[in-house]
Amino acid sequence: MIICHIKKDLRPILDDLRSKNKSLGFVPTMGALHKGHLSLIKQGLHENSKVVVSVFVNPTQFDNASDLEKYPRNLDSDLQLLETLSDDIIVYAPSAEDIYDGAIISENFDFDGLENQMEGKFRKGHFDGVGTVVKRLFEIVKPDVAYFGEKDFQQLRIIQKLVEKYDIPVKIKGCEIFRADDGLAMSSRNERLTQSGRDAAPFIYQTLKAAKKRFGMESAQKVTAWVEKEFKNHDALVLEYFTIADEATLETVTKKSSLKSYRAFIAVFVGDIRLIDNIALN
Ligand code: AMP
């Protein structure tokens with residue numbers, strides 16, 4: 001496994017691979033790697049000669065300084081984990097200076113409204129930060145294929161839009177959500193849950209599954225009201241939002257159509273830890 005901390009070291013390695021026509025996969029991460037990340041990396045390794053895994057906690061996508069500060073960072077254990085996985089991994093673990101080349105600020109993007117829904121409403125500037133760092137990483141790595149988890153479905157849709165709008169020559173692949181045995185979506189933030197928070201958290205996916213069942217028979221508004229009531233009755237979990245949206249536009253559903261694909265999206269606080277999840281409905 002090769003580890004680079006600066007793009008100057010990464011470039012000749014990637015240029016050499018390209019000159020040999022080796023296909024290059026890319027998995028951008030913020031580290032604190034778990035089985036969800038590994039499922040993306042494994043898919044990348046299966047489909048490409050080499051996979052670049054970036055490990056970078058991007059400051060510009062955090063609207064909350066304490067969330068950024070508390071975000072788990074375990075580069076040594078991340079490297080150990082990747083080492084056991086494959087020799088065909090190239091890790092890029094840069095500093096903010098190496099990525100941003102100057103002022104650490106976001107570009108402003110227009111993602112045709114995708115950025116204004118859900119996470120965009122509750123985390124101001126989040127998707128400008130995501131767009132900025134991913135665009136920059138694509139310029140540095142120039143991958144053939146990049147893998148993104150459906151765990152962050154809105155992010156996945158926004159990256160698809162970014163690539164389309166800026167004509168970036170990379171194929172974007174969405175990967176299924178990897179869950180713990182009790183259904184909780186794997187997340188780096190789960191590490192910070194207390195035992196009682198961890199015990200309570202599977203309720204999020206249980207509720208999503210129940211909402212999916214109800215959506216077969218009831219309107220989106222009725223299902224939403226039911227989910228909101230379920231969380232009002234819960235001691236340990238505070239609902240930030242639950243929305244049933246059109247997968248293409250991410251706009252909240254007002255009237256169901258059999259021609260469209262829908263997904264339910266949720267954000268929940270477990271103490272001060274914010275978890276998100278989603279489920280395909282049809
Ligand atoms: P993060 O390190 O949280 O920024 O995530 C890096 C990538 O891994 C993103 O594309 C995420 O959507 C993806 N990812 C995170 N958790 C999961 C999961 N439980 N299942 C599938 N993909 C995930």
# chains A, B, ... in the order shown; residues from 1 in each chain; ligands from 1
>>> residues_near_ligand(ligand="ligand 1", cutoff="9 Å", atoms="only C-alpha atoms and all ligand atoms", output="VMD selection string")
chain A and resid 27 to 41 55 to 58 147 to 153 155 to 156 174 to 180 184 to 189 277
>>> residues_around(residues="range 218-227 of chain A", least_positions_apart="6", cutoff="9 Å", atoms="only C-alpha atoms", output="list in words")
Thr207, Leu208, Ala210, Ala211, Lys212, Phe242, Thr243, Ile244, Ala245, Thr252, Val253, Thr254, Lys255 and Lys256 of chain A
>>> atom_distance(atom1="CA of Ser261 in chain A", atom2="CA of Lys42 in chain A")
27.8 Å
>>> select_by_dssp(residues="range 36-244 of chain A", states="strand (DSSP E)", output="list in words")
Lys50, Val51, Val52, Val53, Ser54, Val55, Ile89, Ile90, Val91, Tyr92, Val145, Ala146, Tyr147, Phe148, Gly149, Lys171, Ile172, Lys173, Gly174, Cys175, Leu237, Val238, Leu239, Glu240, Tyr241, Phe242, Thr243 and Ile244 of chain A
>>> residues_around(residues="Ser23 in chain A", least_positions_apart="6", cutoff="9 Å", atoms="only C-alpha atoms", output="PyMOL selection string")
chain A and resi 17+47-51+143-145
>>> write_last_selection(atoms="C-alpha atoms", output="PDB file, in the first residue's frame")
ATOM      1  CA  LEU A  17      -0.650   4.026 -13.691  1.00  0.00           C
ATOM      2  CA  GLU A  47     -13.676  -3.133 -10.610  1.00  0.00           C
ATOM      3  CA  ASN A  48     -10.290  -1.362 -10.999  1.00  0.00           C
ATOM      4  CA  SER A  49      -6.548  -2.077 -10.936  1.00  0.00           C
ATOM      5  CA  LYS A  50      -5.936   0.389  -8.094  1.00  0.00           C
ATOM      6  CA  VAL A  51      -8.089   2.411  -5.725  1.00  0.00           C
ATOM      7  CA  PRO A 143     -10.159   8.736 -11.334  1.00  0.00           C
ATOM      8  CA  ASP A 144     -12.014   6.640 -13.899  1.00  0.00           C
ATOM      9  CA  VAL A 145     -14.717   5.691 -11.398  1.00  0.00           C
TER      10      VAL A 145
END
>>> atom_distance(atom1="CA of Thr249 in chain A", atom2="CA of Asn108 in chain A")
19.6 Å
>>> select_by_dssp(residues="range 7-98 of chain A", states="helix (DSSP H, G or I)", output="ChimeraX atom specification")
/A:7-19,35-47,59-61,65-70,75-85,96-98
>>> atom_distance(atom1="CA of Leu68 in chain A", atom2="CA of Lys135 in chain A")
20.6 Å
>>> closest_residue(among="A:Tyr71, A:Tyr205, A:Phe215, A:Phe122", to="Glu240 in chain A", atoms="only C-alpha atoms")
A:Phe122
>>> closest_residue(among="A:Asp63, A:Asp9, A:Glu164, A:Glu69", to="Lys121 in chain A", atoms="only C-alpha atoms")
A:Asp63
>>> residues_around(residues="Leu239 in chain A", least_positions_apart="4", cutoff="10 Å", atoms="only C-alpha atoms", output="VMD selection string")
chain A and resid 204 227 to 232 234 266 to 270 274 to 275
>>> write_last_selection(atoms="C-alpha atoms", output="tab-separated table (two decimals), in the first residue's frame")
chain	number	residue	atom	x	y	z
A	204	ILE	CA	-34.23	5.10	13.30
A	227	VAL	CA	-43.12	9.30	11.98
A	228	GLU	CA	-43.11	12.68	13.73
A	229	LYS	CA	-45.46	11.28	16.39
A	230	GLU	CA	-43.29	8.19	16.88
A	231	PHE	CA	-40.28	10.40	17.63
A	232	LYS	CA	-42.23	12.74	19.91
A	234	HIS	CA	-39.27	8.69	22.16
A	266	ILE	CA	-34.31	11.25	8.13
A	267	ALA	CA	-32.00	13.19	10.46
A	268	VAL	CA	-32.06	12.47	14.19
A	269	PHE	CA	-30.14	13.73	17.20
A	270	VAL	CA	-28.98	11.16	19.72
A	274	ARG	CA	-26.57	13.84	14.54
A	275	LEU	CA	-27.31	10.73	12.48
>>> residues_around(residues="range 201-203 of chain A", least_positions_apart="3", cutoff="7 Å", atoms="only C-alpha atoms", output="PyMOL selection string")
chain A and resi 182-184+197-198+206-207
>>> write_last_selection(atoms="C-alpha atoms", output="compact mmCIF listing (two decimals), in the first residue's frame")
# COMPACT_ATOMS: atom_id res chain seq x y z
CA ASP A 182 -29.48 -4.34 14.24
CA GLY A 183 -30.07 -2.12 11.19
CA LEU A 184 -28.22 1.03 12.29
CA GLY A 197 -27.53 6.18 22.62
CA ARG A 198 -26.24 3.20 20.66
CA GLN A 206 -36.98 0.41 12.32
CA THR A 207 -39.09 3.53 11.82
>>> closest_residue(among="A:Lys171, A:Ala236, A:Val134, A:Asn64", to="Asp199 in chain A", atoms="only C-alpha atoms")
A:Ala236
>>> residues_around(residues="range 102-104 of chain A", least_positions_apart="2", cutoff="12 Å", atoms="only C-alpha atoms", output="ChimeraX atom specification")
/A:58-61,95-100,106-107,129,132-133
>>> decode(residues="range 49-99 of chain A", atoms="N, CA and C atoms", output="short mmCIF file (atom, residue, chain, number, x, y, z; two decimals), in the first residue's frame")
data_model
loop_
_atom_site.label_atom_id
_atom_site.label_comp_id
_atom_site.auth_asym_id
_atom_site.auth_seq_id
_atom_site.Cartn_x
_atom_site.Cartn_y
_atom_site.Cartn_z
N SER A 49 -7.88 -1.56 -11.28
CA SER A 49 -6.55 -2.08 -10.94
C SER A 49 -6.09 -1.54 -9.58
N LYS A 50 -6.35 -0.25 -9.35
CA LYS A 50 -5.94 0.39 -8.09
C LYS A 50 -7.06 1.28 -7.60
N VAL A 51 -7.08 1.50 -6.29
CA VAL A 51 -8.09 2.41 -5.72
C VAL A 51 -7.40 3.45 -4.84
N VAL A 52 -7.68 4.70 -5.12
CA VAL A 52 -7.21 5.77 -4.23
C VAL A 52 -8.28 5.98 -3.16
N VAL A 53 -7.86 5.97 -1.91
CA VAL A 53 -8.76 6.29 -0.79
C VAL A 53 -8.25 7.59 -0.19
N SER A 54 -9.06 8.64 -0.25
CA SER A 54 -8.62 9.87 0.41
C SER A 54 -9.20 9.89 1.82
N VAL A 55 -8.39 10.39 2.74
CA VAL A 55 -8.81 10.53 4.14
C VAL A 55 -8.58 12.00 4.49
N PHE A 56 -9.69 12.73 4.56
CA PHE A 56 -9.56 14.17 4.78
C PHE A 56 -10.85 14.70 5.41
N VAL A 57 -10.73 15.24 6.61
CA VAL A 57 -11.91 15.85 7.25
C VAL A 57 -11.99 17.28 6.72
N ASN A 58 -12.93 17.49 5.82
CA ASN A 58 -13.00 18.75 5.06
C ASN A 58 -13.65 19.86 5.89
N PRO A 59 -12.88 20.86 6.32
CA PRO A 59 -13.45 21.88 7.21
C PRO A 59 -14.60 22.67 6.59
N THR A 60 -14.57 22.87 5.26
CA THR A 60 -15.57 23.78 4.68
C THR A 60 -16.97 23.18 4.60
N GLN A 61 -17.11 21.89 4.87
CA GLN A 61 -18.46 21.33 4.81
C GLN A 61 -19.13 21.25 6.18
N PHE A 62 -18.44 21.77 7.22
CA PHE A 62 -19.03 21.79 8.56
C PHE A 62 -19.55 23.19 8.85
N ASP A 63 -20.83 23.27 9.24
CA ASP A 63 -21.37 24.58 9.60
C ASP A 63 -21.27 24.81 11.10
N ASN A 64 -20.75 23.79 11.80
CA ASN A 64 -20.74 23.84 13.25
C ASN A 64 -19.32 23.50 13.74
N ALA A 65 -18.68 24.48 14.38
CA ALA A 65 -17.26 24.33 14.75
C ALA A 65 -17.04 23.16 15.70
N SER A 66 -18.00 22.95 16.61
CA SER A 66 -17.80 21.88 17.59
C SER A 66 -17.96 20.51 16.92
N ASP A 67 -18.84 20.42 15.92
CA ASP A 67 -19.00 19.16 15.18
C ASP A 67 -17.69 18.83 14.45
N LEU A 68 -17.07 19.85 13.86
CA LEU A 68 -15.79 19.65 13.16
C LEU A 68 -14.71 19.21 14.14
N GLU A 69 -14.68 19.88 15.27
CA GLU A 69 -13.64 19.58 16.26
C GLU A 69 -13.80 18.15 16.81
N LYS A 70 -15.07 17.75 17.02
CA LYS A 70 -15.31 16.43 17.64
C LYS A 70 -15.32 15.30 16.62
N TYR A 71 -15.26 15.61 15.34
CA TYR A 71 -15.33 14.55 14.32
C TYR A 71 -14.17 13.58 14.55
N PRO A 72 -14.44 12.25 14.63
CA PRO A 72 -13.36 11.30 14.97
C PRO A 72 -12.25 11.26 13.92
N ARG A 73 -11.03 11.26 14.39
CA ARG A 73 -9.86 11.20 13.50
C ARG A 73 -8.93 10.10 14.01
N ASN A 74 -8.76 9.04 13.24
CA ASN A 74 -7.90 7.90 13.64
C ASN A 74 -7.05 7.45 12.47
N LEU A 75 -6.18 8.31 11.97
CA LEU A 75 -5.44 7.95 10.75
C LEU A 75 -4.64 6.66 10.92
N ASP A 76 -4.00 6.47 12.09
CA ASP A 76 -3.16 5.26 12.26
C ASP A 76 -4.00 4.01 12.13
N SER A 77 -5.16 3.97 12.80
CA SER A 77 -5.97 2.75 12.70
C SER A 77 -6.61 2.63 11.32
N ASP A 78 -6.91 3.77 10.67
CA ASP A 78 -7.43 3.70 9.29
C ASP A 78 -6.39 3.04 8.39
N LEU A 79 -5.13 3.44 8.55
CA LEU A 79 -4.07 2.90 7.68
C LEU A 79 -3.89 1.41 7.94
N GLN A 80 -3.97 1.03 9.22
CA GLN A 80 -3.84 -0.41 9.55
C GLN A 80 -4.94 -1.23 8.88
N LEU A 81 -6.15 -0.69 8.95
CA LEU A 81 -7.31 -1.38 8.36
C LEU A 81 -7.14 -1.53 6.84
N LEU A 82 -6.71 -0.47 6.19
CA LEU A 82 -6.55 -0.48 4.73
C LEU A 82 -5.41 -1.42 4.33
N GLU A 83 -4.38 -1.45 5.15
CA GLU A 83 -3.22 -2.31 4.90
C GLU A 83 -3.63 -3.77 4.82
N THR A 84 -4.57 -4.15 5.72
CA THR A 84 -5.00 -5.56 5.75
C THR A 84 -5.91 -5.89 4.55
N LEU A 85 -6.45 -4.85 3.93
CA LEU A 85 -7.44 -5.08 2.87
C LEU A 85 -6.80 -5.42 1.54
N SER A 86 -5.83 -4.62 1.12
CA SER A 86 -5.22 -4.87 -0.20
C SER A 86 -3.98 -4.02 -0.40
N ASP A 87 -3.11 -4.55 -1.22
CA ASP A 87 -1.89 -3.85 -1.60
C ASP A 87 -2.17 -2.83 -2.71
N ASP A 88 -3.34 -2.95 -3.31
CA ASP A 88 -3.66 -2.10 -4.47
C ASP A 88 -4.33 -0.78 -4.07
N ILE A 89 -4.20 -0.45 -2.78
CA ILE A 89 -4.79 0.82 -2.30
C ILE A 89 -3.70 1.89 -2.26
N ILE A 90 -4.07 3.08 -2.71
CA ILE A 90 -3.18 4.24 -2.57
C ILE A 90 -3.92 5.23 -1.68
N VAL A 91 -3.34 5.52 -0.53
CA VAL A 91 -4.00 6.43 0.41
C VAL A 91 -3.50 7.85 0.15
N TYR A 92 -4.44 8.77 0.09
CA TYR A 92 -4.08 10.20 0.02
C TYR A 92 -4.67 10.86 1.26
N ALA A 93 -3.81 11.21 2.20
CA ALA A 93 -4.25 11.80 3.47
C ALA A 93 -3.61 13.19 3.59
N PRO A 94 -4.20 14.18 2.94
CA PRO A 94 -3.55 15.49 2.86
C PRO A 94 -3.92 16.43 4.01
N SER A 95 -3.20 17.54 4.09
CA SER A 95 -3.60 18.64 4.97
C SER A 95 -4.58 19.53 4.17
N ALA A 96 -5.24 20.44 4.88
CA ALA A 96 -6.16 21.37 4.20
C ALA A 96 -5.38 22.24 3.21
N GLU A 97 -4.16 22.60 3.56
CA GLU A 97 -3.34 23.46 2.68
C GLU A 97 -3.07 22.75 1.35
N ASP A 98 -2.81 21.45 1.43
CA ASP A 98 -2.48 20.71 0.21
C ASP A 98 -3.68 20.64 -0.74
N ILE A 99 -4.87 20.56 -0.16
CA ILE A 99 -6.08 20.50 -0.99
C ILE A 99 -6.44 21.88 -1.52
#
